[in-house]
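To be precise, the following lines are data_4.cif, and they hold mmCIF, C-alpha atoms and all ligand atoms.
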```cif
data_work
loop_
_atom_site.label_atom_id
_atom_site.label_comp_id
_atom_site.auth_asym_id
_atom_site.auth_seq_id
_atom_site.Cartn_x
_atom_site.Cartn_y
_atom_site.Cartn_z
CA MET A 1 13.74 141.12 82.25
CA LYS A 2 15.56 144.24 81.12
CA VAL A 3 17.09 146.56 83.72
CA ALA A 4 18.69 149.94 83.01
CA ILE A 5 21.07 151.61 85.40
CA ILE A 6 21.53 155.30 84.74
CA GLY A 7 25.00 156.31 85.95
CA GLY A 8 28.10 154.13 85.93
CA GLY A 9 29.53 155.41 89.22
CA ALA A 10 30.03 153.66 92.55
CA SER A 11 26.40 152.74 93.25
CA GLY A 12 25.57 151.98 89.61
CA LEU A 13 28.46 149.54 89.16
CA ALA A 14 27.83 147.78 92.50
CA CYS A 15 24.15 147.52 91.58
CA ALA A 16 24.75 146.10 88.09
CA ILE A 17 27.26 143.49 89.35
CA THR A 18 24.97 142.36 92.16
CA ILE A 19 21.89 142.00 89.92
CA LYS A 20 23.81 139.74 87.53
CA ARG A 21 25.33 137.73 90.36
CA GLU A 22 21.88 137.17 91.87
CA ASN A 23 20.26 136.30 88.55
CA GLU A 24 22.37 135.94 85.39
CA ASP A 25 19.25 135.87 83.19
CA ILE A 26 18.48 139.51 83.89
CA ASP A 27 19.66 141.75 81.06
CA VAL A 28 21.53 144.74 82.59
CA THR A 29 22.54 147.91 80.72
CA ILE A 30 24.43 150.84 82.23
CA PHE A 31 24.07 154.29 80.65
CA GLU A 32 27.09 156.46 81.47
CA LYS A 33 27.44 159.96 80.12
CA LEU A 34 31.24 160.16 80.34
CA ASP A 35 33.65 158.27 78.09
CA GLN A 36 34.30 155.70 80.83
CA PRO A 37 32.48 154.51 83.96
CA GLY A 38 33.80 155.12 87.48
CA LYS A 39 35.69 158.32 86.71
CA LYS A 40 34.79 159.90 90.06
CA ILE A 41 35.99 156.82 91.93
CA LEU A 42 39.45 157.47 90.42
CA ALA A 43 39.54 160.88 92.14
CA THR A 44 38.43 159.66 95.57
CA GLY A 45 40.71 159.67 98.60
CA ASN A 46 43.31 161.68 96.65
CA GLY A 47 43.53 158.86 94.12
CA ARG A 48 43.74 156.20 96.84
CA CYS A 49 39.97 155.54 97.19
CA ASN A 50 38.91 155.43 100.83
CA LEU A 51 36.18 152.95 99.95
CA SER A 52 34.67 152.19 103.37
CA ASN A 53 35.40 152.21 107.08
CA PHE A 54 35.77 149.57 109.78
CA VAL A 55 33.27 151.43 111.94
CA VAL A 56 30.06 152.10 110.03
CA SER A 57 27.04 153.40 111.91
CA GLU A 58 24.35 156.02 111.44
CA GLU A 59 26.17 158.62 113.54
CA TYR A 60 28.56 159.12 110.59
CA TYR A 61 25.68 160.16 108.32
CA ASN A 62 23.39 163.18 107.89
CA GLY A 63 19.99 163.14 106.26
CA ASP A 64 17.12 160.65 106.19
CA HIS A 65 17.65 158.13 108.98
CA GLU A 66 15.06 155.70 107.64
CA ILE A 67 17.04 155.37 104.41
CA ILE A 68 20.33 155.17 106.33
CA HIS A 69 18.90 152.21 108.33
CA THR A 70 17.43 150.58 105.24
CA VAL A 71 20.89 150.52 103.62
CA LEU A 72 23.24 150.01 106.60
CA ASP A 73 21.16 147.19 108.15
CA ASP A 74 22.02 145.06 105.12
CA PHE A 75 25.50 146.41 104.41
CA ASP A 76 28.08 146.86 107.15
CA ALA A 77 31.89 146.96 106.98
CA VAL A 78 32.08 143.14 106.81
CA ASN A 79 29.70 143.09 103.85
CA ALA A 80 31.82 145.76 102.16
CA LEU A 81 34.97 143.66 102.71
CA GLU A 82 33.18 140.61 101.31
CA PHE A 83 32.08 142.54 98.23
CA PHE A 84 35.61 143.73 97.48
CA ASN A 85 37.16 140.35 98.26
CA SER A 86 34.72 138.81 95.80
CA LEU A 87 36.15 141.13 93.13
CA GLY A 88 39.67 140.00 93.97
CA LEU A 89 40.59 143.24 95.74
CA LYS A 90 42.64 143.03 98.90
CA ILE A 91 41.90 145.76 101.44
CA ARG A 92 44.25 147.76 103.68
CA GLU A 93 43.16 149.60 106.83
CA GLU A 94 44.54 152.92 108.12
CA GLU A 95 43.01 154.34 111.31
CA GLY A 96 39.74 152.57 110.52
CA ARG A 97 39.63 153.79 106.91
CA LEU A 98 39.56 151.05 104.30
CA TYR A 99 41.57 151.36 101.08
CA PRO A 100 42.57 149.07 98.22
CA TYR A 101 45.78 147.30 99.26
CA SER A 102 47.63 148.95 96.35
CA MET A 103 46.42 152.39 97.55
CA ASN A 104 45.32 152.99 93.95
CA ALA A 105 41.74 153.90 93.09
CA SER A 106 42.39 152.73 89.53
CA ASN A 107 42.63 149.12 90.79
CA VAL A 108 39.15 149.40 92.28
CA VAL A 109 37.67 150.64 88.99
CA ALA A 110 39.62 148.09 86.95
CA LEU A 111 38.32 145.15 89.03
CA LEU A 112 34.73 146.46 89.03
CA LEU A 113 34.88 146.72 85.24
CA LYS A 114 36.49 143.27 84.85
CA GLU A 115 33.64 141.77 86.88
CA ALA A 116 31.05 143.75 84.89
CA ALA A 117 32.56 142.38 81.66
CA ARG A 118 32.63 138.80 83.03
CA LEU A 119 28.94 139.09 83.86
CA ASN A 120 28.07 140.45 80.39
CA ILE A 121 26.81 143.78 81.69
CA LYS A 122 26.35 146.18 78.78
CA ILE A 123 27.94 149.56 79.37
CA ASN A 124 26.94 152.39 77.03
CA THR A 125 29.50 155.15 77.53
CA ASP A 126 29.22 158.69 76.11
CA CYS A 127 25.51 158.13 76.55
CA LYS A 128 23.81 160.92 78.46
CA VAL A 129 20.28 160.18 79.64
CA GLU A 130 18.23 163.29 78.91
CA SER A 131 14.78 161.94 79.67
CA LEU A 132 12.93 159.17 81.48
CA ASP A 133 9.16 158.83 81.43
CA SER A 134 6.83 156.97 83.75
CA SER A 135 6.70 153.98 81.36
CA LEU A 136 10.46 153.64 82.06
CA THR A 137 11.49 154.69 78.56
CA ILE A 138 14.92 156.33 78.34
CA ASN A 139 15.59 159.14 75.86
CA ASN A 140 12.17 158.41 74.23
CA LYS A 141 13.71 155.28 72.73
CA TYR A 142 14.78 152.49 75.07
CA LYS A 143 12.09 150.84 77.22
CA PHE A 144 13.04 148.84 80.34
CA ASP A 145 11.20 146.76 82.94
CA LYS A 146 13.09 148.30 85.81
CA VAL A 147 15.30 151.40 86.04
CA VAL A 148 17.84 152.45 88.69
CA LEU A 149 18.70 156.13 89.03
CA ALA A 150 22.37 156.10 90.08
CA LEU A 151 23.33 159.47 88.60
CA GLY A 152 24.96 160.86 91.76
CA GLY A 153 24.40 164.39 93.03
CA LYS A 154 25.67 167.79 91.97
CA ALA A 155 29.08 167.80 93.66
CA ALA A 156 32.20 167.62 91.47
CA PRO A 157 30.53 168.23 88.07
CA GLN A 158 33.96 167.75 86.47
CA HIS A 159 33.44 164.03 87.20
CA GLY A 160 30.10 163.82 85.38
CA THR A 161 27.68 164.81 88.11
CA ASP A 162 26.08 168.15 87.39
CA GLY A 163 22.65 167.48 88.80
CA ASP A 164 20.96 165.64 85.90
CA GLY A 165 19.38 163.24 88.39
CA TYR A 166 17.35 166.01 90.05
CA LYS A 167 15.96 167.05 86.63
CA LEU A 168 14.87 163.49 85.86
CA ILE A 169 13.14 162.94 89.20
CA LYS A 170 11.50 166.38 89.10
CA ASN A 171 10.01 165.59 85.69
CA LEU A 172 8.60 162.37 87.16
CA GLY A 173 6.94 164.31 90.01
CA ILE A 174 9.28 162.92 92.68
CA LYS A 175 10.14 165.49 95.35
CA TYR A 176 13.53 165.92 97.01
CA GLN A 177 14.94 167.84 99.96
CA PRO A 178 16.80 171.07 99.05
CA ILE A 179 20.39 170.38 98.07
CA SER A 180 23.63 172.13 99.03
CA PRO A 181 27.36 171.35 98.78
CA ALA A 182 29.01 169.40 101.63
CA LEU A 183 32.55 168.27 102.49
CA VAL A 184 33.87 171.54 101.11
CA GLN A 185 35.93 174.53 102.29
CA ILE A 186 34.37 177.32 104.41
CA LYS A 187 34.35 181.04 103.51
CA THR A 188 34.70 183.56 106.35
CA GLU A 189 33.56 187.18 106.61
CA GLU A 190 36.94 188.13 108.11
CA ASP A 191 39.79 188.78 105.71
CA VAL A 192 42.25 185.98 106.46
CA ARG A 193 44.46 186.38 103.39
CA GLU A 194 47.50 187.16 105.55
CA LEU A 195 47.08 183.70 107.15
CA LYS A 196 46.95 181.81 103.85
CA GLY A 197 48.92 178.56 104.03
CA VAL A 198 49.03 178.37 107.86
CA ARG A 199 48.40 174.78 108.96
CA PHE A 200 47.82 173.74 112.57
CA LYS A 201 46.14 171.14 114.73
CA GLY A 202 43.14 172.58 116.52
CA VAL A 203 39.44 172.35 117.24
CA LEU A 204 36.78 174.08 115.16
CA PHE A 205 33.51 174.89 116.92
CA LEU A 206 30.25 175.76 115.12
CA ARG A 207 27.66 177.93 116.86
CA GLU A 208 24.44 179.59 115.82
CA GLU A 209 24.38 183.34 115.21
CA ASP A 210 23.64 185.38 118.39
CA ASP A 211 24.12 182.25 120.45
CA ASP A 212 24.32 183.14 124.15
CA ASP A 213 24.56 179.48 125.04
CA ASP A 214 28.18 178.40 125.33
CA LYS A 215 27.41 174.94 123.88
CA PRO A 216 28.41 174.57 120.21
CA ILE A 217 26.13 172.83 117.73
CA LYS A 218 29.04 170.68 116.63
CA PHE A 219 32.82 170.64 116.84
CA GLN A 220 35.60 168.85 114.98
CA GLU A 221 39.25 168.35 115.88
CA GLY A 222 42.15 167.86 113.49
CA GLU A 223 44.41 169.62 111.02
CA LEU A 224 43.07 172.93 109.78
CA LEU A 225 44.40 175.23 107.08
CA PHE A 226 43.80 178.91 106.40
CA THR A 227 43.17 179.81 102.76
CA ASP A 228 42.75 183.19 101.08
CA TYR A 229 38.96 182.97 101.50
CA GLY A 230 38.59 181.14 104.83
CA ILE A 231 39.24 177.75 106.40
CA SER A 232 39.96 174.32 104.95
CA GLY A 233 41.07 170.96 106.33
CA ILE A 234 39.04 167.91 107.36
CA PRO A 235 37.38 169.50 110.45
CA ALA A 236 36.21 172.44 108.29
CA MET A 237 34.91 170.09 105.60
CA GLN A 238 33.03 168.02 108.18
CA LEU A 239 31.15 171.13 109.39
CA SER A 240 30.63 172.61 105.91
CA GLY A 241 27.35 170.81 105.14
CA ASP A 242 25.68 172.42 108.16
CA ILE A 243 27.21 175.80 107.31
CA ALA A 244 25.99 175.65 103.69
CA GLN A 245 22.45 174.89 104.91
CA MET A 246 22.54 177.64 107.58
CA THR A 247 23.85 180.32 105.21
CA ALA A 248 21.30 179.27 102.56
CA ARG A 249 18.63 180.10 105.19
CA GLY A 250 20.21 183.56 105.58
CA GLU A 251 21.95 182.76 108.87
CA LYS A 252 25.51 183.75 109.74
CA PRO A 253 26.97 180.83 111.71
CA LEU A 254 29.76 181.54 114.19
CA LEU A 255 33.01 179.61 114.21
CA ASN A 256 35.63 179.48 116.94
CA ILE A 257 39.06 177.98 116.61
CA CYS A 258 40.92 176.64 119.62
CA PHE A 259 44.64 176.47 118.80
CA THR A 260 45.62 174.72 122.04
CA PRO A 261 43.12 171.90 122.71
CA ASP A 262 45.31 170.41 125.42
CA LEU A 263 45.86 173.68 127.36
CA GLY A 264 43.39 175.57 129.56
CA LEU A 265 43.07 179.36 129.94
CA SER A 266 45.18 179.34 133.11
CA ASP A 267 47.97 177.45 131.24
CA ILE A 268 47.95 180.07 128.47
CA ASN A 269 47.99 182.95 130.97
CA GLU A 270 50.87 181.35 132.84
CA TYR A 271 52.73 180.84 129.56
CA LEU A 272 52.22 184.51 128.58
CA ASP A 273 53.36 185.75 132.02
CA ASN A 274 56.53 183.64 131.71
CA GLN A 275 57.20 185.02 128.22
CA ILE A 276 56.88 188.61 129.52
CA ASP A 277 59.26 187.77 132.38
CA ARG A 278 61.69 186.58 129.69
CA GLY A 279 61.45 190.01 128.05
CA LEU A 280 59.32 188.72 125.15
CA THR A 281 56.69 191.48 125.08
CA GLY A 282 55.94 191.82 121.34
CA GLU A 283 54.26 189.30 119.06
CA GLU A 284 57.27 187.02 119.58
CA MET A 285 55.72 186.16 122.97
CA LEU A 286 53.41 183.86 120.95
CA TYR A 287 56.13 182.15 118.90
CA GLY A 288 56.41 179.41 121.54
CA ILE A 289 52.97 178.06 120.65
CA LEU A 290 51.78 179.65 117.41
CA ASN A 291 52.99 179.93 113.83
CA GLU A 292 54.52 183.41 113.19
CA LYS A 293 51.72 184.57 110.87
CA LEU A 294 49.11 183.54 113.43
CA ALA A 295 51.08 185.19 116.23
CA HIS A 296 51.11 188.46 114.24
CA TYR A 297 47.37 188.21 113.46
CA ILE A 298 46.29 187.56 117.05
CA PHE A 299 48.76 190.03 118.63
CA THR A 300 47.80 192.94 116.35
CA LYS A 301 44.05 192.16 116.52
CA ASN A 302 44.26 192.61 120.31
CA ASN A 303 46.80 195.48 120.37
CA GLY A 304 49.04 193.33 122.56
CA ASP A 305 46.44 192.95 125.35
CA THR A 306 47.43 189.62 126.90
CA ASN A 307 44.01 188.90 128.46
CA HIS A 308 42.31 189.13 125.06
CA ILE A 309 45.20 187.32 123.34
CA ALA A 310 44.75 184.37 125.73
CA LEU A 311 41.01 184.25 124.98
CA ASP A 312 41.65 184.31 121.21
CA ILE A 313 44.19 181.50 121.45
CA MET A 314 41.50 179.44 123.17
CA SER A 315 38.65 180.54 120.92
CA LEU A 316 39.41 182.81 117.94
CA PRO A 317 36.02 183.88 116.51
CA PHE A 318 35.03 183.96 112.84
CA THR A 319 31.75 184.37 110.98
CA ALA A 320 31.00 181.90 108.21
CA VAL A 321 29.40 183.49 105.15
CA GLY A 322 29.09 180.29 103.12
CA THR A 323 31.15 177.56 101.56
CA LYS A 324 32.92 176.97 98.27
CA GLY A 325 30.59 175.57 95.61
CA TYR A 326 29.71 172.23 94.06
CA LYS A 327 32.87 172.25 91.93
CA GLU A 328 35.04 171.96 95.04
CA ALA A 329 32.58 169.86 97.10
CA GLN A 330 32.96 166.11 97.58
CA VAL A 331 29.27 165.39 98.15
CA THR A 332 25.77 166.82 97.94
CA ARG A 333 23.56 167.24 100.99
CA GLY A 334 19.79 166.79 100.49
CA GLY A 335 18.02 164.65 97.89
CA VAL A 336 15.20 162.10 97.75
CA GLY A 337 13.85 161.13 101.18
CA SER A 338 12.03 158.06 102.55
CA ASP A 339 8.65 159.80 102.04
CA GLU A 340 9.11 159.15 98.31
CA LEU A 341 10.20 155.51 98.75
CA LYS A 342 8.36 152.31 99.64
CA LYS A 343 9.02 151.30 103.25
CA HIS A 344 12.41 149.61 103.79
CA SER A 345 13.01 149.81 100.05
CA LEU A 346 14.76 152.01 97.50
CA GLU A 347 11.86 151.70 95.04
CA THR A 348 9.85 154.88 94.50
CA LYS A 349 6.22 155.05 95.60
CA LYS A 350 5.16 157.13 92.60
CA ILE A 351 6.67 154.96 89.88
CA LYS A 352 6.70 151.21 90.26
CA ASN A 353 9.99 149.53 89.25
CA LEU A 354 11.98 152.76 89.56
CA PHE A 355 14.79 152.67 92.14
CA ILE A 356 17.09 155.40 93.46
CA THR A 357 20.59 154.82 94.88
CA GLY A 358 23.69 156.72 96.02
CA GLU A 359 24.14 160.44 96.40
CA LEU A 360 20.79 161.24 94.79
CA LEU A 361 19.20 160.07 98.05
CA ASN A 362 18.96 162.37 101.07
CA VAL A 363 22.01 160.89 102.79
CA ASP A 364 25.55 162.26 103.07
CA GLY A 365 28.38 160.86 105.11
CA THR A 366 31.34 162.36 106.92
CA CYS A 367 34.93 161.96 105.67
CA GLY A 368 36.34 158.48 106.19
CA GLY A 369 34.90 156.30 103.42
CA TYR A 370 31.26 156.74 104.46
CA ASN A 371 29.96 158.17 101.18
CA LEU A 372 31.39 155.40 99.06
CA HIS A 373 30.20 152.85 101.63
CA PHE A 374 26.66 154.20 101.26
CA ALA A 375 26.97 154.25 97.45
CA TRP A 376 28.02 150.56 97.25
CA GLY A 377 25.48 149.56 99.92
CA SER A 378 22.52 151.33 98.33
CA GLY A 379 23.40 149.96 94.88
CA ILE A 380 23.57 146.43 96.30
CA LYS A 381 20.30 146.93 98.23
CA ALA A 382 18.43 148.03 95.06
CA ALA A 383 20.00 145.13 93.13
CA LYS A 384 18.71 142.55 95.62
CA GLU A 385 15.22 144.07 95.54
CA ILE A 386 15.26 143.91 91.73
CA ALA A 387 16.62 140.37 91.51
CA ASN A 388 14.26 139.05 94.21
CA ASN A 389 11.23 140.43 92.37
CA ALA A 390 12.35 139.34 88.91
C1 LIG A 401 37.31 164.59 94.90
C2 LIG A 401 36.41 163.62 95.63
C3 LIG A 401 36.95 162.76 96.55
C4 LIG A 401 36.12 161.86 97.23
N1 LIG A 401 36.70 160.99 98.10
C5 LIG A 401 35.91 160.09 98.73
C6 LIG A 401 36.51 159.09 99.56
O1 LIG A 401 37.74 158.94 99.63
N2 LIG A 401 35.67 158.26 100.24
C7 LIG A 401 34.31 158.33 100.13
O2 LIG A 401 33.60 157.56 100.79
N3 LIG A 401 33.73 159.23 99.31
C8 LIG A 401 34.49 160.09 98.60
N4 LIG A 401 33.91 160.99 97.74
C9 LIG A 401 32.43 160.95 97.55
C10 LIG A 401 32.02 159.76 96.64
O3 LIG A 401 32.85 159.72 95.52
C11 LIG A 401 30.57 159.89 96.18
O4 LIG A 401 29.71 160.13 97.28
C12 LIG A 401 30.11 158.63 95.45
O5 LIG A 401 30.91 158.43 94.31
C13 LIG A 401 28.64 158.73 95.04
O6 LIG A 401 28.32 157.58 94.32
P1 LIG A 401 27.10 157.59 93.28
O7 LIG A 401 27.07 156.25 92.65
O8 LIG A 401 25.88 158.09 93.93
O9 LIG A 401 27.49 158.68 92.20
P2 LIG A 401 28.80 158.86 91.32
O10 LIG A 401 29.87 157.96 91.78
O11 LIG A 401 29.02 160.31 91.30
O12 LIG A 401 28.34 158.33 89.88
C14 LIG A 401 27.33 158.93 89.13
C15 LIG A 401 27.59 158.60 87.66
O13 LIG A 401 26.46 159.02 86.90
C16 LIG A 401 26.92 159.57 85.67
N5 LIG A 401 25.86 160.46 85.15
C17 LIG A 401 25.46 161.65 85.64
N6 LIG A 401 24.47 162.16 84.89
C18 LIG A 401 24.23 161.26 83.90
C19 LIG A 401 23.32 161.23 82.80
N7 LIG A 401 22.47 162.21 82.56
N8 LIG A 401 23.34 160.15 81.99
C20 LIG A 401 24.21 159.12 82.20
N9 LIG A 401 25.11 159.11 83.22
C21 LIG A 401 25.11 160.18 84.06
C22 LIG A 401 28.19 160.31 86.09
O14 LIG A 401 29.03 160.57 84.99
C23 LIG A 401 28.79 159.34 87.10
O15 LIG A 401 29.66 158.42 86.49
C24 LIG A 401 34.72 161.87 97.01
C25 LIG A 401 34.17 162.75 96.08
C26 LIG A 401 35.01 163.62 95.39
C27 LIG A 401 34.42 164.55 94.36
#
```
File written out as structure tokens:
Amino acid sequence: MKVAIIGGGASGLACAITIKRENEDIDVTIFEKLDQPGKKILATGNGRCNLSNFVVSEEYYNGDHEIIHTVLDDFDAVNALEFFNSLGLKIREEEGRLYPYSMNASNVVALLLKEAARLNIKINTDCKVESLDSSLTINNKYKFDKVVLALGGKAAPQHGTDGDGYKLIKNLGIKYQPISPALVQIKTEEDVRELKGVRFKGVLFLREEDDDDDKPIKFQEGELLFTDYGISGIPAMQLSGDIAQMTARGEKPLLNICFTPDLGLSDINEYLDNQIDRGLTGEEMLYGILNEKLAHYIFTKNNGDTNHIALDIMSLPFTAVGTKGYKEAQVTRGGVGSDELKKHSLETKKIKNLFITGELLNVDGTCGGYNLHFAWGSGIKAAKEIANNA
């Protein structure tokens, strides 16, 4: 049996290795458009490759929960550890995040490729797949018994993923949920250029436009950073997928930043009263808790009115007008849903023997190793389905 895997990224490599391990008689060929497989993996986790997490559950994922279950039920953190141990990769844990022991993504790619070579997996690099027809013929030339679409999404096109997968599935009549960038920086309507470079620990709240209800849709706590166009940092990236979808629908989501998560309004008011008693009546009254640029921004915005200053320290409002684009994004939200797949399977309903894995599916994870975990897990899931039906 001849199997083609289109895309030599995280899910494609895990899929190819698992097929051969399950059944060495299956002939496996990877088609990779870049000059080497796994180039995006090298860029992950700032070159350290946060490849999974000790705590994997559906709450860390957005998208199609049937697919999330289908993959995670067979592939948890222990399975991920076993997979990497079987490659000879020792794993290190930092606050639940799993990394290669060397903290080098290049070791992950090197061991994946060593194992692929040991298993005689053919890897055609510099080989862009332009077409796939329903008889599973690639580029009008190479016919296969089974094909896996592991082309990734549209995020980070500089690493080979510029949305080719969506073109292939569209041509085959397979539908997918609208896509947008996720895990990316947020753009604000307010001009925050004077705050560029200010880093702080805080909480970012996301609310719907004209929301009278005080309850946010979501919130994230951690280190935030102002940029010349808006807000960055992990909490901003975690909320960006929702913001990209809301702004694509024409909405203007509201953001609030709390700079003092551990202080209440009465604490802030008491602090400000004490500062005034000390003779600190200008923006320097805020230097005890805020960075100087932030102190200037909040003091001048409120013309020195301490009641309003206290409220802004607790909940400085912004309007999100969108996010940075796919070039800056780490993942793609949206993609092929379970309505297009056989039940509890990654095989498409429309075309028998065609499988879809990784970011092309309607699943995206939060920061913390969840996207790579899903990529490995979905590749391994498709591989087992292929090998079991060989
Ligand atoms: C900068 C950055 C940092 C990240 N850090 C992390 C992290 O630390 N932890 C984490 O969990 N996730 C991280 N991610 C996300 C994670 O890398 C992806 O979600 C994951 O790689 C998706 O796996 P995939 O197999 O679906 O696709 P990819 O790994 O993107 O692989 C797809 C492959 O298909 C190839 N391809 C595309 N089109 C064609 C074509 N027409 N013909 C042939 N080949 C083609 C591409 O060149 C690519 O090699 C990061 C992403 C980025 C951009």
Which residues are near ligand LIG 401 (chain A) in this structure, taking near to mean any atom at most 7 Å from a ligand atom and counting all atoms listed in the file? Format them as a PyMOL selection string.
chain A and resi 6-12+31-34+37-41+43-46+49-52+127-130+150-153+155-156+159-165+329-331+357-360+367-373+375
What is the CA of Met1 in chain A-CA of Ser131 in chain A distance in Å, reported with one decimal?
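Separation of CA of Met1 in chain A and CA of Ser131 in chain A: 21.0 Å.
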Which residue of A:Gly202, A:Lys170, A:Pro181, A:Leu87 approaches Pro157 in chain A most closely, using all atoms listed in the file:
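For Pro157 in chain A, the nearest of the candidates is A:Pro181.
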Atomic distance CA of Leu42 in chain A - CA of Ser378 in chain A, expressed in Å with one decimal
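Computed distance, CA of Leu42 in chain A to CA of Ser378 in chain A, equals 19.7 Å.
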Which residues of range 313-339 of chain A sit at most 12 Å from range 300-306 of chain A, using only C-alpha atoms? Give each one's shortest atom pair and distance in Å (one decimal place), in chain and ascending residue order, as a tab-separated table.
```
residue	atom	partner	partner_atom	distance
A:Ile313	CA	A:Thr306	CA	10.3
A:Leu316	CA	A:Lys301	CA	10.5
A:Pro317	CA	A:Lys301	CA	11.5
```
Within 12 Å of file point (46.9, 189.0, 126.7), counting all atoms listed in the file, expressed as a ChimeraX atom specification
/A:265-266,268-273,275-276,281-283,285-286,295,298-314
So that I can see what lies close to Thr188 in chain A, please list as a ChimeraX atom specification the residues with an atom at most 9 Å from it, counting only C-alpha atoms and leaving out residues fewer than 2 positions away in the same chain.
/A:186,190-192,229-231,255,318-323
How would the residues just chosen look if you wrote them out with C-alpha atoms as a PDB file, keeping the file's coordinate frame?
```
ATOM      1  CA  ILE A 186      34.370 177.320 104.410  1.00  0.00           C
ATOM      2  CA  GLU A 190      36.940 188.130 108.110  1.00  0.00           C
ATOM      3  CA  ASP A 191      39.790 188.780 105.710  1.00  0.00           C
ATOM      4  CA  VAL A 192      42.250 185.980 106.460  1.00  0.00           C
ATOM      5  CA  TYR A 229      38.960 182.970 101.500  1.00  0.00           C
ATOM      6  CA  GLY A 230      38.590 181.140 104.830  1.00  0.00           C
ATOM      7  CA  ILE A 231      39.240 177.750 106.400  1.00  0.00           C
ATOM      8  CA  LEU A 255      33.010 179.610 114.210  1.00  0.00           C
ATOM      9  CA  PHE A 318      35.030 183.960 112.840  1.00  0.00           C
ATOM     10  CA  THR A 319      31.750 184.370 110.980  1.00  0.00           C
ATOM     11  CA  ALA A 320      31.000 181.900 108.210  1.00  0.00           C
ATOM     12  CA  VAL A 321      29.400 183.490 105.150  1.00  0.00           C
ATOM     13  CA  GLY A 322      29.090 180.290 103.120  1.00  0.00           C
ATOM     14  CA  THR A 323      31.150 177.560 101.560  1.00  0.00           C
TER      15      THR A 323
END
```
For CA of Asp74 in chain A and CA of Phe374 in chain A, the interatomic separation in Å (one decimal):
11.0 Å
For Tyr61 in chain A, which residue out of A:Lys352, A:Lys143, A:Arg118, A:Arg333 is the nearest one, using only C-alpha atoms?
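Using only C-alpha atoms, the shortest distance to Tyr61 in chain A belongs to A:Arg333.
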Pick the closest to Ala387 in chain A from A:Ala248, A:Asp145, A:Gln36, A:Tyr60: which is it, counting all atoms listed in the file?
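Looking at the shortest contact to Ala387 in chain A, the residue is A:Asp145.
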Using all atoms of range 2-8 of chain A that appear in the file, construct an axis-aligned enclosing box with 6 Å of padding on every side and provide its centre coordinates and edge lengths in Å, rounded to one decimal, as AutoDock Vina command-line options.
```
--center_x 21.8 --center_y 150.3 --center_z 83.5 --size_x 24.5 --size_y 24.1 --size_z 16.8
```
Within 9 Å of Gly335 in chain A using only C-alpha atoms, minus same-chain residues under 2 positions, as JSON, numbers by chain
{"A": [63, 153, 166, 175, 176, 177, 178, 179, 332, 333, 337, 359, 360, 361, 362, 363]}
With a distance cut-off of 12 Å and all atoms listed in the file, select the neighbouring residues of Asp76 in chain A, excluding the residue or stretch itself and same-chain residues fewer than 2 positions from it, and output the selection as a count of residues only.
28
With a distance cut-off of 12 Å and only C-alpha atoms, select the neighbouring residues of Pro261 in chain A, excluding the residue or stretch itself and same-chain residues fewer than 4 positions from it, and output the selection as a PyMOL selection string.
chain A and resi 200-205+219-223+257+265+267-268+289+313-315
When you count all atoms listed in the file, which of these residues is closest to Gln158 in chain A: A:Lys252, A:Ile67, A:Lys146, A:Lys327?
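The answer is A:Lys327, which sits nearest to Gln158 in chain A.
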Skipping near chain neighbours, those fewer than 6 positions away, what residues fall within 12 Å of Leu136 in chain A using only C-alpha atoms, listed as a list in words?
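Selected residues are Lys2, Val3, Ala4, Ile5, Ile6, Tyr142, Lys143, Phe144, Asp145, Lys146, Val147, Val148, Leu149, Leu168, Leu172, Ile351, Lys352, Asn353, Leu354 and Phe355 of chain A.
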